[in-house]
$ cat my_file_7.cif   # mmCIF, C-alpha atoms
data_start
#
loop_
_atom_site.group_PDB
_atom_site.id
_atom_site.type_symbol
_atom_site.label_atom_id
_atom_site.label_comp_id
_atom_site.auth_asym_id
_atom_site.auth_seq_id
_atom_site.Cartn_x
_atom_site.Cartn_y
_atom_site.Cartn_z
ATOM 1 C CA MET A 1 -1.102 -1.950 -24.054
ATOM 2 C CA GLU A 2 -1.830 -4.290 -26.936
ATOM 3 C CA ASP A 3 -5.300 -4.092 -28.441
ATOM 4 C CA VAL A 4 -7.125 -7.041 -26.863
ATOM 5 C CA LYS A 5 -10.883 -7.381 -26.532
ATOM 6 C CA ILE A 6 -11.744 -7.381 -22.838
ATOM 7 C CA GLU A 7 -14.853 -9.248 -21.719
ATOM 8 C CA GLU A 8 -17.383 -7.259 -19.738
ATOM 9 C CA LYS A 9 -17.167 -9.393 -16.575
ATOM 10 C CA PHE A 10 -13.438 -8.722 -16.213
ATOM 11 C CA LEU A 11 -13.929 -5.040 -16.847
ATOM 12 C CA LYS A 12 -16.569 -4.994 -14.104
ATOM 13 C CA GLN A 13 -14.196 -6.770 -11.716
ATOM 14 C CA ALA A 14 -11.458 -4.263 -12.489
ATOM 15 C CA ILE A 15 -13.796 -1.294 -11.981
ATOM 16 C CA ASP A 16 -14.976 -2.694 -8.645
ATOM 17 C CA ILE A 17 -11.437 -3.354 -7.397
ATOM 18 C CA SER A 18 -10.091 0.000 -8.537
ATOM 19 C CA LYS A 19 -12.954 2.158 -7.244
ATOM 20 C CA GLY A 20 -11.372 5.271 -5.763
ATOM 21 C CA ALA A 21 -7.897 4.203 -6.902
ATOM 22 C CA GLU A 22 -5.505 5.278 -9.651
ATOM 23 C CA VAL A 23 -4.364 2.450 -11.936
ATOM 24 C CA LEU A 24 -1.058 2.886 -13.752
ATOM 25 C CA PRO A 25 0.092 3.118 -16.418
ATOM 26 C CA ASN A 26 -2.931 2.525 -18.655
ATOM 27 C CA GLY A 27 -5.905 2.664 -16.347
ATOM 28 C CA VAL A 28 -8.567 0.118 -15.560
ATOM 29 C CA ASN A 29 -8.344 -1.647 -18.948
ATOM 30 C CA GLU A 30 -4.858 -2.944 -18.200
ATOM 31 C CA LEU A 31 -6.034 -4.341 -14.877
ATOM 32 C CA ALA A 32 -9.009 -5.963 -16.613
ATOM 33 C CA LYS A 33 -6.660 -7.581 -19.124
ATOM 34 C CA LYS A 34 -4.550 -9.004 -16.280
ATOM 35 C CA LEU A 35 -7.691 -10.476 -14.714
ATOM 36 C CA GLN A 36 -8.830 -11.921 -18.039
ATOM 37 C CA ASP A 37 -5.446 -13.453 -18.864
ATOM 38 C CA SER A 38 -5.285 -14.978 -15.400
ATOM 39 C CA TYR A 39 -8.723 -16.544 -15.782
ATOM 40 C CA TYR A 40 -8.002 -18.208 -19.113
ATOM 41 C CA SER A 41 -4.478 -19.311 -18.209
ATOM 42 C CA LYS A 42 -5.768 -20.642 -14.860
ATOM 43 C CA LYS A 43 -2.829 -18.901 -13.218
ATOM 44 C CA PRO A 44 -3.751 -16.712 -10.204
ATOM 45 C CA LEU A 45 -2.363 -13.199 -10.198
ATOM 46 C CA ARG A 46 0.376 -12.432 -7.696
ATOM 47 C CA VAL A 47 -0.701 -9.286 -5.861
ATOM 48 C CA LYS A 48 2.070 -7.618 -3.885
ATOM 49 C CA LEU A 49 1.983 -5.362 -0.847
ATOM 50 C CA GLY A 50 5.149 -4.309 0.929
ATOM 51 C CA LEU A 51 5.085 -3.433 4.625
ATOM 52 C CA ASP A 52 7.984 -1.801 6.407
ATOM 53 C CA PRO A 53 7.473 -2.551 10.107
ATOM 54 C CA THR A 54 8.742 0.810 11.329
ATOM 55 C CA ARG A 55 6.213 0.846 14.183
ATOM 56 C CA PRO A 56 4.349 -2.003 15.907
ATOM 57 C CA ASP A 57 0.757 -0.938 15.187
ATOM 58 C CA LEU A 58 -1.294 -0.751 12.017
ATOM 59 C CA HIS A 59 -3.977 1.923 11.717
ATOM 60 C CA LEU A 60 -7.155 2.508 9.715
ATOM 61 C CA GLY A 61 -5.155 4.115 6.924
ATOM 62 C CA HIS A 62 -3.451 0.768 6.269
ATOM 63 C CA THR A 63 -6.812 -0.953 5.834
ATOM 64 C CA VAL A 64 -7.622 1.044 2.684
ATOM 65 C CA VAL A 65 -5.220 -1.167 0.720
ATOM 66 C CA MET A 66 -5.905 -4.288 2.767
ATOM 67 C CA ARG A 67 -9.613 -4.137 1.914
ATOM 68 C CA LYS A 68 -8.719 -4.075 -1.798
ATOM 69 C CA LEU A 69 -6.393 -7.048 -1.330
ATOM 70 C CA LYS A 70 -9.325 -8.933 0.168
ATOM 71 C CA LYS A 71 -11.230 -8.472 -3.117
ATOM 72 C CA PHE A 72 -8.373 -10.127 -5.016
ATOM 73 C CA GLN A 73 -8.278 -12.896 -2.442
ATOM 74 C CA GLU A 74 -12.013 -13.511 -2.874
ATOM 75 C CA LEU A 75 -11.424 -13.885 -6.636
ATOM 76 C CA GLY A 76 -8.851 -16.618 -5.968
ATOM 77 C CA HIS A 77 -5.651 -14.644 -6.529
ATOM 78 C CA THR A 78 -2.475 -14.893 -4.447
ATOM 79 C CA ILE A 79 -1.706 -12.104 -1.984
ATOM 80 C CA VAL A 80 2.024 -11.666 -1.432
ATOM 81 C CA LEU A 81 2.800 -9.765 1.764
ATOM 82 C CA ILE A 82 6.386 -8.583 1.932
ATOM 83 C CA VAL A 83 7.833 -7.706 5.318
ATOM 84 C CA GLY A 84 10.530 -5.105 4.715
ATOM 85 C CA GLY A 85 13.243 -6.703 6.786
ATOM 86 C CA ALA A 86 15.830 -5.011 4.561
ATOM 87 C CA THR A 87 13.991 -1.903 3.342
ATOM 88 C CA ALA A 88 12.924 -0.880 6.856
ATOM 89 C CA MET A 89 16.593 -0.689 7.769
ATOM 90 C CA VAL A 90 17.005 1.960 5.041
ATOM 91 C CA GLY A 91 13.768 3.887 5.539
ATOM 92 C CA ASP A 92 11.386 4.990 2.792
ATOM 93 C CA PRO A 93 12.163 8.615 1.866
ATOM 94 C CA SER A 94 8.717 9.144 0.297
ATOM 95 C CA GLY A 95 7.271 12.424 1.491
ATOM 96 C CA LYS A 96 10.091 12.972 3.962
ATOM 97 C CA SER A 97 11.769 16.346 4.361
ATOM 98 C CA GLU A 98 14.852 14.841 5.966
ATOM 99 C CA THR A 99 16.748 11.567 6.162
ATOM 100 C CA ARG A 100 14.802 9.036 8.220
ATOM 101 C CA PRO A 101 16.688 7.114 10.940
ATOM 102 C CA ALA A 102 17.400 3.513 9.945
ATOM 103 C CA LEU A 103 16.091 0.682 12.125
ATOM 104 C CA THR A 104 18.082 -2.265 13.446
ATOM 105 C CA LYS A 105 17.240 -5.886 12.613
ATOM 106 C CA GLU A 106 15.988 -6.305 16.174
ATOM 107 C CA GLN A 107 13.638 -3.305 15.924
ATOM 108 C CA VAL A 108 12.233 -4.559 12.612
ATOM 109 C CA ALA A 109 11.626 -8.056 14.019
ATOM 110 C CA GLU A 110 9.941 -6.702 17.154
ATOM 111 C CA ASN A 111 7.652 -4.372 15.224
ATOM 112 C CA ALA A 112 6.642 -7.098 12.761
ATOM 113 C CA LYS A 113 5.417 -9.489 15.465
ATOM 114 C CA THR A 114 1.858 -8.184 15.643
ATOM 115 C CA TYR A 115 1.462 -7.063 12.025
ATOM 116 C CA PHE A 116 -0.143 -10.223 10.728
ATOM 117 C CA GLU A 117 -2.383 -10.663 13.730
ATOM 118 C CA GLN A 118 -3.715 -7.168 13.036
ATOM 119 C CA MET A 119 -3.988 -7.791 9.287
ATOM 120 C CA SER A 120 -6.082 -10.899 9.944
ATOM 121 C CA LYS A 121 -8.895 -8.558 10.991
ATOM 122 C CA VAL A 122 -9.260 -7.777 7.260
ATOM 123 C CA LEU A 123 -7.519 -10.536 5.268
ATOM 124 C CA ASP A 124 -7.172 -14.289 5.532
ATOM 125 C CA VAL A 125 -3.467 -14.111 6.288
ATOM 126 C CA THR A 126 -3.231 -17.923 6.443
ATOM 127 C CA LYS A 127 -3.881 -18.017 2.680
ATOM 128 C CA ALA A 128 -1.388 -15.249 1.870
ATOM 129 C CA GLU A 129 2.219 -15.782 0.859
ATOM 130 C CA VAL A 130 4.375 -14.026 3.440
ATOM 131 C CA ARG A 131 7.947 -13.125 2.453
ATOM 132 C CA ASN A 132 10.755 -11.098 4.002
ATOM 133 C CA ASN A 133 12.834 -9.056 1.544
ATOM 134 C CA ALA A 134 15.874 -9.519 3.779
ATOM 135 C CA ASP A 135 15.962 -13.092 2.412
ATOM 136 C CA TRP A 136 17.094 -11.871 -1.004
ATOM 137 C CA LEU A 137 18.394 -8.335 -0.438
ATOM 138 C CA HIS A 138 20.717 -9.233 2.442
ATOM 139 C CA ASN A 139 22.107 -12.122 0.407
ATOM 140 C CA MET A 140 23.104 -9.978 -2.570
ATOM 141 C CA SER A 141 26.800 -9.815 -3.387
ATOM 142 C CA PHE A 142 28.426 -6.455 -4.027
ATOM 143 C CA THR A 143 28.395 -7.274 -7.749
ATOM 144 C CA ASP A 144 24.661 -8.023 -7.552
ATOM 145 C CA PHE A 145 24.061 -4.704 -5.837
ATOM 146 C CA LEU A 146 26.051 -2.801 -8.455
ATOM 147 C CA LYS A 147 23.930 -4.428 -11.144
ATOM 148 C CA LEU A 148 20.764 -3.306 -9.351
ATOM 149 C CA ALA A 149 22.140 0.241 -9.000
ATOM 150 C CA SER A 150 22.751 0.382 -12.751
ATOM 151 C CA ALA A 151 19.030 -0.110 -13.430
ATOM 152 C CA THR A 152 18.387 3.643 -13.099
ATOM 153 C CA THR A 153 20.166 7.000 -13.143
ATOM 154 C CA VAL A 154 20.806 9.706 -10.582
ATOM 155 C CA ALA A 155 18.960 12.121 -12.877
ATOM 156 C CA LYS A 156 15.828 9.971 -12.709
ATOM 157 C CA LEU A 157 16.069 9.562 -8.932
ATOM 158 C CA MET A 158 16.341 13.320 -8.580
ATOM 159 C CA THR A 159 12.988 13.751 -10.341
ATOM 160 C CA ARG A 160 11.323 12.586 -7.127
ATOM 161 C CA ASP A 161 9.543 15.569 -5.604
ATOM 162 C CA ASP A 162 10.917 14.944 -2.122
ATOM 163 C CA PHE A 163 14.535 14.604 -3.311
ATOM 164 C CA ALA A 164 14.272 17.611 -5.633
ATOM 165 C CA LYS A 165 12.805 19.770 -2.875
ATOM 166 C CA ARG A 166 15.411 18.747 -0.312
ATOM 167 C CA TYR A 167 18.230 19.352 -2.810
ATOM 168 C CA SER A 168 16.924 22.826 -3.694
ATOM 169 C CA GLU A 169 16.661 23.682 0.009
ATOM 170 C CA GLY A 170 20.158 22.417 0.770
ATOM 171 C CA ARG A 171 18.877 19.619 3.017
ATOM 172 C CA PRO A 172 21.006 16.458 3.162
ATOM 173 C CA ILE A 173 20.138 13.388 1.079
ATOM 174 C CA SER A 174 21.914 10.180 2.004
ATOM 175 C CA PRO A 175 23.072 7.997 -0.933
ATOM 176 C CA VAL A 176 21.498 5.111 0.959
ATOM 177 C CA GLU A 177 18.054 6.668 0.354
ATOM 178 C CA PHE A 178 18.599 6.360 -3.391
ATOM 179 C CA PHE A 179 18.628 2.594 -2.950
ATOM 180 C CA TYR A 180 15.185 2.378 -1.363
ATOM 181 C CA PRO A 181 13.103 2.510 -4.592
ATOM 182 C CA LEU A 182 15.580 0.122 -6.231
ATOM 183 C CA MET A 183 15.218 -2.344 -3.352
ATOM 184 C CA GLN A 184 11.429 -2.099 -3.396
ATOM 185 C CA GLY A 185 11.477 -2.529 -7.165
ATOM 186 C CA TYR A 186 13.657 -5.626 -6.920
ATOM 187 C CA ASP A 187 11.076 -7.143 -4.567
ATOM 188 C CA SER A 188 8.728 -7.240 -7.580
ATOM 189 C CA VAL A 189 11.326 -9.298 -9.446
ATOM 190 C CA ALA A 190 11.921 -11.624 -6.494
ATOM 191 C CA VAL A 191 8.226 -12.441 -6.018
ATOM 192 C CA ASP A 192 7.222 -12.212 -9.715
ATOM 193 C CA ALA A 193 4.525 -9.604 -9.020
ATOM 194 C CA ASP A 194 1.617 -9.008 -11.406
ATOM 195 C CA ILE A 195 0.022 -6.238 -9.330
ATOM 196 C CA GLU A 196 1.464 -3.922 -6.686
ATOM 197 C CA PHE A 197 -0.539 -1.826 -4.251
ATOM 198 C CA GLY A 198 0.526 1.315 -2.452
ATOM 199 C CA GLY A 199 -0.534 4.795 -1.412
ATOM 200 C CA THR A 200 -0.422 7.808 -3.698
ATOM 201 C CA ASP A 201 2.786 8.890 -1.965
ATOM 202 C CA GLN A 202 4.428 5.710 -3.329
ATOM 203 C CA ARG A 203 4.075 6.571 -7.039
ATOM 204 C CA PHE A 204 7.810 6.773 -7.762
ATOM 205 C CA ASN A 205 8.630 3.548 -5.899
ATOM 206 C CA LEU A 206 5.760 1.595 -7.455
ATOM 207 C CA LEU A 207 6.602 2.601 -11.027
ATOM 208 C CA MET A 208 10.255 1.819 -10.361
ATOM 209 C CA GLY A 209 9.129 -1.777 -9.854
ATOM 210 C CA ARG A 210 8.026 -1.896 -13.507
ATOM 211 C CA ASP A 211 11.400 -0.546 -14.631
ATOM 212 C CA ILE A 212 13.302 -3.081 -12.528
ATOM 213 C CA GLN A 213 11.207 -5.971 -13.865
ATOM 214 C CA THR A 214 12.075 -4.892 -17.419
ATOM 215 C CA PHE A 215 15.755 -4.433 -16.529
ATOM 216 C CA TYR A 216 15.945 -8.022 -15.223
ATOM 217 C CA GLY A 217 14.289 -9.411 -18.332
ATOM 218 C CA LEU A 218 10.858 -10.342 -17.039
ATOM 219 C CA ASN A 219 8.436 -10.584 -19.943
ATOM 220 C CA LYS A 220 5.695 -8.850 -17.974
ATOM 221 C CA MET A 221 5.362 -5.679 -15.930
ATOM 222 C CA GLN A 222 3.238 -5.188 -12.857
ATOM 223 C CA VAL A 223 0.125 -3.052 -12.861
ATOM 224 C CA VAL A 224 0.266 -0.400 -10.151
ATOM 225 C CA ILE A 225 -2.808 0.411 -8.048
ATOM 226 C CA MET A 226 -2.474 3.524 -5.899
ATOM 227 C CA MET A 227 -4.930 4.242 -3.124
ATOM 228 C CA PRO A 228 -5.592 7.681 -1.631
ATOM 229 C CA LEU A 229 -4.174 8.484 1.783
ATOM 230 C CA ILE A 230 -6.606 8.845 4.669
ATOM 231 C CA GLU A 231 -6.271 11.904 6.855
ATOM 232 C CA GLY A 232 -6.185 11.512 10.620
ATOM 233 C CA THR A 233 -8.825 12.816 12.988
ATOM 234 C CA ASP A 234 -7.638 16.411 12.521
ATOM 235 C CA GLY A 235 -8.607 16.200 8.841
ATOM 236 C CA VAL A 236 -5.273 17.709 7.786
ATOM 237 C CA VAL A 237 -2.248 15.395 7.966
ATOM 238 C CA LYS A 238 -2.308 11.807 6.723
ATOM 239 C CA MET A 239 -3.038 9.192 9.352
ATOM 240 C CA SER A 240 0.268 8.136 10.854
ATOM 241 C CA LYS A 241 1.674 6.828 14.112
ATOM 242 C CA THR A 242 3.923 9.873 13.973
ATOM 243 C CA TYR A 243 0.831 11.802 15.091
ATOM 244 C CA PRO A 244 -0.734 9.456 17.673
ATOM 245 C CA GLU A 245 -3.324 11.997 18.786
ATOM 246 C CA HIS A 246 -4.827 11.964 15.256
ATOM 247 C CA CYS A 247 -4.261 8.259 14.506
ATOM 248 C CA ILE A 248 -6.760 5.402 14.974
ATOM 249 C CA SER A 249 -4.906 2.127 15.517
ATOM 250 C CA LEU A 250 -6.431 -1.285 14.829
ATOM 251 C CA THR A 251 -5.444 -2.194 18.388
ATOM 252 C CA GLU A 252 -7.373 0.777 19.815
ATOM 253 C CA GLU A 253 -9.748 0.022 22.695
ATOM 254 C CA PRO A 254 -13.370 0.046 21.389
ATOM 255 C CA LYS A 255 -14.339 3.090 23.460
ATOM 256 C CA ASN A 256 -11.289 5.028 22.242
ATOM 257 C CA MET A 257 -11.810 3.979 18.617
ATOM 258 C CA TYR A 258 -15.459 5.058 18.703
ATOM 259 C CA GLY A 259 -14.570 8.339 20.393
ATOM 260 C CA LYS A 260 -11.828 9.186 17.907
ATOM 261 C CA LEU A 261 -14.124 8.421 14.989
ATOM 262 C CA MET A 262 -16.764 10.711 16.436
ATOM 263 C CA SER A 263 -14.162 13.489 16.547
ATOM 264 C CA ILE A 264 -13.386 13.553 12.810
ATOM 265 C CA PRO A 265 -14.476 16.652 10.838
ATOM 266 C CA ASP A 266 -17.797 16.281 9.010
ATOM 267 C CA GLU A 267 -15.973 16.833 5.707
ATOM 268 C CA LEU A 268 -14.069 13.554 6.201
ATOM 269 C CA MET A 269 -17.114 11.348 6.702
ATOM 270 C CA GLU A 270 -17.774 10.481 3.056
ATOM 271 C CA LYS A 271 -14.127 9.519 2.519
ATOM 272 C CA TYR A 272 -14.149 7.315 5.626
ATOM 273 C CA PHE A 273 -17.409 5.649 4.540
ATOM 274 C CA THR A 274 -16.028 5.035 1.037
ATOM 275 C CA PHE A 275 -12.617 3.640 1.867
ATOM 276 C CA LEU A 276 -13.027 2.156 5.341
ATOM 277 C CA THR A 277 -16.472 0.505 5.233
ATOM 278 C CA ASP A 278 -18.894 -1.408 3.007
ATOM 279 C CA ILE A 279 -21.806 0.899 3.797
ATOM 280 C CA GLU A 280 -22.705 4.083 1.946
ATOM 281 C CA PHE A 281 -22.711 7.642 3.193
ATOM 282 C CA ASN A 282 -26.165 9.209 3.232
ATOM 283 C CA LYS A 283 -25.885 12.946 2.639
ATOM 284 C CA GLU A 284 -29.525 13.431 3.506
ATOM 285 C CA ASN A 285 -29.135 12.224 7.081
ATOM 286 C CA ASN A 286 -28.232 14.382 10.051
ATOM 287 C CA PRO A 287 -24.393 14.621 10.101
ATOM 288 C CA ARG A 288 -24.175 13.513 13.729
ATOM 289 C CA ASP A 289 -26.374 10.480 13.053
ATOM 290 C CA GLU A 290 -24.186 9.539 10.084
ATOM 291 C CA LYS A 291 -21.027 9.953 12.148
ATOM 292 C CA MET A 292 -22.469 7.694 14.859
ATOM 293 C CA ARG A 293 -23.338 5.103 12.200
ATOM 294 C CA LEU A 294 -19.793 5.338 10.822
ATOM 295 C CA ALA A 295 -18.143 5.096 14.247
ATOM 296 C CA TYR A 296 -20.308 2.120 15.218
ATOM 297 C CA GLU A 297 -19.639 0.270 11.952
ATOM 298 C CA ILE A 298 -15.849 0.641 12.051
ATOM 299 C CA THR A 299 -15.607 -0.120 15.776
ATOM 300 C CA LYS A 300 -17.698 -3.260 15.213
ATOM 301 C CA MET A 301 -15.472 -4.347 12.297
ATOM 302 C CA TYR A 302 -12.315 -4.382 14.407
ATOM 303 C CA ASN A 303 -13.658 -5.190 17.867
ATOM 304 C CA GLY A 304 -16.702 -7.355 17.272
#

$ encode --input "my_file_7.cif" --output "structure tokens"
Amino acid sequence: MEDVKIEEKFLKQAIDISKGAEVLPNGVNELAKKLQDSYYSKKPLRVKLGLDPTRPDLHLGHTVVMRKLKKFQELGHTIVLIVGGATAMVGDPSGKSETRPALTKEQVAENAKTYFEQMSKVLDVTKAEVRNNADWLHNMSFTDFLKLASATTVAKLMTRDDFAKRYSEGRPISPVEFFYPLMQGYDSVAVDADIEFGGTDQRFNLLMGRDIQTFYGLNKMQVVIMMPLIEGTDGVVKMSKTYPEHCISLTEEPKNMYGKLMSIPDELMEKYFTFLTDIEFNKENNPRDEKMRLAYEITKMYNG
């Protein structure tokens, strides 16, 4: 990053936004510079989040990123929500030990129906820019797709932990899976992203977006903000609809949501307070009292 003096107010904004996150490649200073440049150019940042509608419900784990997007929205920046109409048909291989079944167009459309209604519990979706990556990826010619494929190498793709592990274990890897990070990266070109959010399991895909922007001649690269994954109620595996018994959906009935939150291990409470609420964890309080306070706060946030 070029040596530019960053004003304190933009550094404070960047620190607040990135609390608990990892900012790549150059840490919080690069984010602060983006905020400062945006302010003086009077050009709002374009903050990207991609969502593959593989299942119809969002859960509390999704809100970790959504709550950060709200901070950008409050500062006047543009939130760009990308529905993965094309990428969901491939399936993100991140963290997967085997090839994930591809979805049909009809399944993607059905699952996406309630996404934005659920997101509106956190964000002002009416002020967001909503795009579908099928609009540009499905319209690519074969020549266009070959150009995109030439933006990286097989050797680089094989540095992904999940691919490397599957290859060493003799598990199948579909060539189609190689295209997923390229497709997600091209989304950053299509929407001219300044910032991209994702979970820590998305590191390879998110950084690929920077490479693809450079490959297509954009004179800027996105800053990547990675948020930690939230474990489900068992405190072991990440929250996912794959494990419904440990997952807390935003559409959960209030009684069920409260009950599931009361069932989390005590060790998870501070993480839930930090990333899922605006109130602080008090270590001095009785753990059960704190858990009740946590469960009440989150249930109130999503059910009134």

$ resolve_selection --input "my_file_7.cif" --expression "the PyMOL selection byres ((chain A and resi 235-239) around 10)" --output "compact mmCIF listing (two decimals) with C-alpha atoms, in the frame of the given file"
# COMPACT_ATOMS: atom_id res chain seq x y z
CA HIS A 59 -3.98 1.92 11.72
CA LEU A 60 -7.16 2.51 9.72
CA GLY A 61 -5.16 4.12 6.92
CA HIS A 62 -3.45 0.77 6.27
CA PRO A 228 -5.59 7.68 -1.63
CA LEU A 229 -4.17 8.48 1.78
CA ILE A 230 -6.61 8.85 4.67
CA GLU A 231 -6.27 11.90 6.86
CA GLY A 232 -6.18 11.51 10.62
CA THR A 233 -8.82 12.82 12.99
CA ASP A 234 -7.64 16.41 12.52
CA SER A 240 0.27 8.14 10.85
CA LYS A 241 1.67 6.83 14.11
CA THR A 242 3.92 9.87 13.97
CA TYR A 243 0.83 11.80 15.09
CA PRO A 244 -0.73 9.46 17.67
CA GLU A 245 -3.32 12.00 18.79
CA HIS A 246 -4.83 11.96 15.26
CA CYS A 247 -4.26 8.26 14.51
CA ILE A 248 -6.76 5.40 14.97
CA SER A 249 -4.91 2.13 15.52
CA SER A 263 -14.16 13.49 16.55
CA ILE A 264 -13.39 13.55 12.81
CA PRO A 265 -14.48 16.65 10.84
CA ASP A 266 -17.80 16.28 9.01
CA GLU A 267 -15.97 16.83 5.71
CA LEU A 268 -14.07 13.55 6.20

$ resolve_selection --input "my_file_7.cif" --expression "the PyMOL selection byres ((chain A and resi 187) around 9)" --output "PDB file with C-alpha atoms, keeping the file's coordinate frame"
ATOM      1  CA  GLY A  50       5.149  -4.309   0.929  1.00  0.00           C
ATOM      2  CA  ILE A  82       6.386  -8.583   1.932  1.00  0.00           C
ATOM      3  CA  ASN A 133      12.834  -9.056   1.544  1.00  0.00           C
ATOM      4  CA  TRP A 136      17.094 -11.871  -1.004  1.00  0.00           C
ATOM      5  CA  LEU A 137      18.394  -8.335  -0.438  1.00  0.00           C
ATOM      6  CA  LEU A 182      15.580   0.122  -6.231  1.00  0.00           C
ATOM      7  CA  MET A 183      15.218  -2.344  -3.352  1.00  0.00           C
ATOM      8  CA  GLN A 184      11.429  -2.099  -3.396  1.00  0.00           C
ATOM      9  CA  GLY A 185      11.477  -2.529  -7.165  1.00  0.00           C
ATOM     10  CA  TYR A 186      13.657  -5.626  -6.920  1.00  0.00           C
ATOM     11  CA  SER A 188       8.728  -7.240  -7.580  1.00  0.00           C
ATOM     12  CA  VAL A 189      11.326  -9.298  -9.446  1.00  0.00           C
ATOM     13  CA  ALA A 190      11.921 -11.624  -6.494  1.00  0.00           C
ATOM     14  CA  VAL A 191       8.226 -12.441  -6.018  1.00  0.00           C
ATOM     15  CA  ASP A 192       7.222 -12.212  -9.715  1.00  0.00           C
ATOM     16  CA  ALA A 193       4.525  -9.604  -9.020  1.00  0.00           C
ATOM     17  CA  GLY A 209       9.129  -1.777  -9.854  1.00  0.00           C
TER      18      GLY A 209
END

$ closest_residue --input "my_file_7.cif" --among "A:Val108, A:Met227, A:Val125, A:Val90" --to "Ala21 in chain A" --atoms "only C-alpha atoms"
A:Met227

$ atom_distance --input "my_file_7.cif" --atom1 "CA of Met226 in chain A" --atom2 "CA of Gln36 in chain A"
20.6 Å

$ residues_around --input "my_file_7.cif" --residues "range 4-16 of chain A" --least-positions-apart "5" --cutoff "9 Å" --atoms "all atoms listed in the file" --output "ChimeraX atom specification"
/A:28-36,71

$ build_atoms --input "my_file_7.cif" --residues "range 184-189 of chain A" --atoms "all heavy atoms" --output "PDB file, keeping the file's coordinate frame"
ATOM      1  N   GLN A 184      12.854  -1.780  -3.318  1.00  0.00           N
ATOM      2  CA  GLN A 184      11.429  -2.099  -3.396  1.00  0.00           C
ATOM      3  C   GLN A 184      11.084  -2.633  -4.783  1.00  0.00           C
ATOM      4  O   GLN A 184      10.285  -3.559  -4.929  1.00  0.00           O
ATOM      5  CB  GLN A 184      10.581  -0.866  -3.092  1.00  0.00           C
ATOM      6  CG  GLN A 184       9.082  -1.158  -3.136  1.00  0.00           C
ATOM      7  CD  GLN A 184       8.224   0.013  -2.685  1.00  0.00           C
ATOM      8  OE1 GLN A 184       8.600   0.759  -1.789  1.00  0.00           O
ATOM      9  NE2 GLN A 184       7.058   0.195  -3.315  1.00  0.00           N
ATOM     10  N   GLY A 185      11.706  -2.053  -5.807  1.00  0.00           N
ATOM     11  CA  GLY A 185      11.477  -2.529  -7.165  1.00  0.00           C
ATOM     12  C   GLY A 185      11.974  -3.950  -7.372  1.00  0.00           C
ATOM     13  O   GLY A 185      11.326  -4.754  -8.049  1.00  0.00           O
ATOM     14  N   TYR A 186      13.110  -4.268  -6.774  1.00  0.00           N
ATOM     15  CA  TYR A 186      13.657  -5.626  -6.920  1.00  0.00           C
ATOM     16  C   TYR A 186      12.752  -6.653  -6.241  1.00  0.00           C
ATOM     17  O   TYR A 186      12.686  -7.810  -6.675  1.00  0.00           O
ATOM     18  CB  TYR A 186      15.073  -5.713  -6.349  1.00  0.00           C
ATOM     19  CG  TYR A 186      15.732  -7.033  -6.665  1.00  0.00           C
ATOM     20  CD1 TYR A 186      16.297  -7.266  -7.922  1.00  0.00           C
ATOM     21  CD2 TYR A 186      15.770  -8.064  -5.730  1.00  0.00           C
ATOM     22  CE1 TYR A 186      16.869  -8.486  -8.235  1.00  0.00           C
ATOM     23  CE2 TYR A 186      16.337  -9.286  -6.031  1.00  0.00           C
ATOM     24  CZ  TYR A 186      16.887  -9.488  -7.281  1.00  0.00           C
ATOM     25  OH  TYR A 186      17.457 -10.704  -7.590  1.00  0.00           O
ATOM     26  N   ASP A 187      12.042  -6.237  -5.204  1.00  0.00           N
ATOM     27  CA  ASP A 187      11.076  -7.143  -4.567  1.00  0.00           C
ATOM     28  C   ASP A 187      10.084  -7.679  -5.600  1.00  0.00           C
ATOM     29  O   ASP A 187       9.671  -8.834  -5.540  1.00  0.00           O
ATOM     30  CB  ASP A 187      10.293  -6.415  -3.468  1.00  0.00           C
ATOM     31  CG  ASP A 187      11.123  -6.095  -2.232  1.00  0.00           C
ATOM     32  OD1 ASP A 187      12.249  -6.613  -2.119  1.00  0.00           O
ATOM     33  OD2 ASP A 187      10.635  -5.316  -1.396  1.00  0.00           O
ATOM     34  N   SER A 188       9.692  -6.830  -6.554  1.00  0.00           N
ATOM     35  CA  SER A 188       8.728  -7.240  -7.580  1.00  0.00           C
ATOM     36  C   SER A 188       9.318  -8.297  -8.503  1.00  0.00           C
ATOM     37  O   SER A 188       8.586  -9.123  -9.061  1.00  0.00           O
ATOM     38  CB  SER A 188       8.264  -6.019  -8.393  1.00  0.00           C
ATOM     39  OG  SER A 188       7.532  -5.128  -7.586  1.00  0.00           O
ATOM     40  N   VAL A 189      10.633  -8.257  -8.678  1.00  0.00           N
ATOM     41  CA  VAL A 189      11.326  -9.298  -9.446  1.00  0.00           C
ATOM     42  C   VAL A 189      11.366 -10.582  -8.632  1.00  0.00           C
ATOM     43  O   VAL A 189      11.052 -11.669  -9.119  1.00  0.00           O
ATOM     44  CB  VAL A 189      12.757  -8.854  -9.814  1.00  0.00           C
ATOM     45  CG1 VAL A 189      13.529  -9.986 -10.491  1.00  0.00           C
ATOM     46  CG2 VAL A 189      12.717  -7.625 -10.719  1.00  0.00           C
TER      47      VAL A 189
END
